[in-house]
Amino acid sequence: MNNLPRSVTIIEVGPRDGLQNEKGFVPTERKVAFILALKRAGFREMEVTSFVSPKWVPQMKDAGEVAEAVISEGDPVRNLILVPNRKGVERFRKTKAKAAAFFVGVSDTFNQKNINRTTEESLHELAPLIKDLKAEGCFIRVCLSTAFYCPFEGRVPEEKTVRLAEAFAALGADELSVADTIGMASPDESYSLFKKLKERFPDLLLTAHFHDTRKMGLANILAALQAGIDRFDASAGGLGGCPFAPGASGNVATEDVVYMLERMGIRTNIDREKLAEAVDGIAPFLCRPVESADYRLRKGG
């Protein structure tokens, strides 16, 4: 295929977006070991944890301990911590992290069921937090949930996603992670939206985030590649889902993404053997089987 990037960046989201939906608590030391193993596999950008309320996401109740254990001065990895509100930012400032992630649902209904605010209210609340962290020299990632479809409202108009992207770009966001939260997007929809975003924001880091609910994650990644995207969120083992999105399954599996891209001659700089070792370490603590074709085939399953 013509005009595809020669290399891509994979942002590993398994430790945060992946584990948050696990019903059984994964011991802190296993989360730490998982993250360190992923770093050894070559990831240079990763969502390591989330300062959300443990009442709503019990899996993240040890976020402070995890951050303390995996983030050090001079670490070459961009260790992203999700900070949903002012309280999360206060906790973030107590760590060595220099990269914060915020999330907002493009769909009002999703946002209200998730954090009890409209999209506009979230934007108003986050604006000063983003500006303050930018002034402190932090990297800002904004995750746009339900950018294609909402489990409550259905199809989300492209223009609505673009407008919200414009608002966060104006606030100084460094990266926009644009998510197919419930895995309903088709490849033509992926291409269309990312083509528009790429043309509108040529100098902004744009990342595609696909869930594999209907097994179209890889096809949507290929379509996004053709639209000029060279950054992708993925979750080791296909871990994930969304506690606030009924029916959302795991994120597209990192192993499968890396395998596909490398077969296409696109560099990822990820060591597949070490990635498999990272999944080996976390698999016994999961409530469900690992959802990665590449991993299962490696294990003879």
# chains A, B, ... in the order shown; residues from 1 in each chain; ligands from 1

$ residues_around --residues "Ala185 in chain A" --least-positions-apart "6" --cutoff "8 Å" --atoms "only C-alpha atoms" --output "list in words"
Phe148, Tyr149, Met216 and Asn220 of chain A

$ select_by_dssp --residues "range 87-271 of chain A" --states "strand (DSSP E or B)" --output "ChimeraX atom specification"
/A:99-105,139-145,149-150,154-155,175-180,205-211,231-235,251,253,267

$ write_last_selection --atoms "C-alpha atoms" --output "PDB file, in the first residue's frame"
ATOM      1  CA  ALA A  99       2.159  13.483  31.623  1.00  0.00           C
ATOM      2  CA  ALA A 100      -1.537  13.741  32.475  1.00  0.00           C
ATOM      3  CA  ALA A 101      -4.507  12.287  30.633  1.00  0.00           C
ATOM      4  CA  PHE A 102      -8.042  13.670  30.789  1.00  0.00           C
ATOM      5  CA  PHE A 103     -11.172  12.102  29.323  1.00  0.00           C
ATOM      6  CA  VAL A 104     -14.418  13.542  28.032  1.00  0.00           C
ATOM      7  CA  GLY A 105     -17.301  11.848  26.268  1.00  0.00           C
ATOM      8  CA  PHE A 139       2.338  16.808  28.645  1.00  0.00           C
ATOM      9  CA  ILE A 140      -1.439  16.799  28.179  1.00  0.00           C
ATOM     10  CA  ARG A 141      -3.343  13.964  26.556  1.00  0.00           C
ATOM     11  CA  VAL A 142      -7.097  14.231  26.105  1.00  0.00           C
ATOM     12  CA  CYS A 143      -9.134  11.102  25.462  1.00  0.00           C
ATOM     13  CA  LEU A 144     -12.297  11.737  23.462  1.00  0.00           C
ATOM     14  CA  SER A 145     -14.621   8.865  24.364  1.00  0.00           C
ATOM     15  CA  TYR A 149     -20.883   5.810  18.622  1.00  0.00           C
ATOM     16  CA  CYS A 150     -22.512   6.154  22.040  1.00  0.00           C
ATOM     17  CA  GLY A 154     -26.159   5.875  18.820  1.00  0.00           C
ATOM     18  CA  ARG A 155     -24.130   7.428  15.990  1.00  0.00           C
ATOM     19  CA  GLU A 175      -2.406  14.798  22.098  1.00  0.00           C
ATOM     20  CA  LEU A 176      -5.949  13.720  21.313  1.00  0.00           C
ATOM     21  CA  SER A 177      -6.789  10.044  21.710  1.00  0.00           C
ATOM     22  CA  VAL A 178      -9.954   9.524  19.659  1.00  0.00           C
ATOM     23  CA  ALA A 179     -11.862   6.479  20.860  1.00  0.00           C
ATOM     24  CA  ASP A 180     -14.334   4.038  19.379  1.00  0.00           C
ATOM     25  CA  LEU A 205      -0.545  14.303  18.036  1.00  0.00           C
ATOM     26  CA  LEU A 206      -3.570  12.271  16.954  1.00  0.00           C
ATOM     27  CA  THR A 207      -4.018   8.774  18.340  1.00  0.00           C
ATOM     28  CA  ALA A 208      -6.605   6.180  17.336  1.00  0.00           C
ATOM     29  CA  HIS A 209      -8.174   4.094  20.090  1.00  0.00           C
ATOM     30  CA  PHE A 210     -10.249   1.098  19.014  1.00  0.00           C
ATOM     31  CA  HIS A 211     -12.124  -1.524  20.982  1.00  0.00           C
ATOM     32  CA  ARG A 231      -0.213   6.601  16.734  1.00  0.00           C
ATOM     33  CA  PHE A 232      -2.415   3.862  18.197  1.00  0.00           C
ATOM     34  CA  ASP A 233      -3.609   2.886  21.646  1.00  0.00           C
ATOM     35  CA  ALA A 234      -3.569  -0.843  22.302  1.00  0.00           C
ATOM     36  CA  SER A 235      -3.868  -3.113  25.304  1.00  0.00           C
ATOM     37  CA  ASN A 251      -9.232  -2.849  23.531  1.00  0.00           C
ATOM     38  CA  ALA A 253      -4.788  -6.453  21.483  1.00  0.00           C
ATOM     39  CA  ARG A 267       8.238  -0.550  12.504  1.00  0.00           C
TER      40      ARG A 267
END

$ closest_residue --among "A:Ile182, A:Ile130, A:Leu164, A:Glu291" --to "Phe152 in chain A" --atoms "only C-alpha atoms"
A:Ile182

$ select_by_dssp --residues "range 17-232 of chain A" --states "helix (DSSP H, G or I)" --output "PyMOL selection string"
chain A and resi 17-21+28-40+58-60+63-70+86-92+108-115+119-135+158-170+187-200+217-226

$ closest_residue --among "A:Arg78, A:Ala283, A:Lys215, A:Val258" --to "Asp271 in chain A" --atoms "only C-alpha atoms"
A:Val258

$ residues_around --residues "range 7-18 of chain A" --least-positions-apart "4" --cutoff "10 Å" --atoms "only C-alpha atoms" --output "MDAnalysis selection string"
chainID A and resid 22 31:32 34:35 38:39 42:50 59:60 63 66 78 80:82 177 207:209 225 229:243 250:251 253:254 257:258 261:262 265:270 279 282
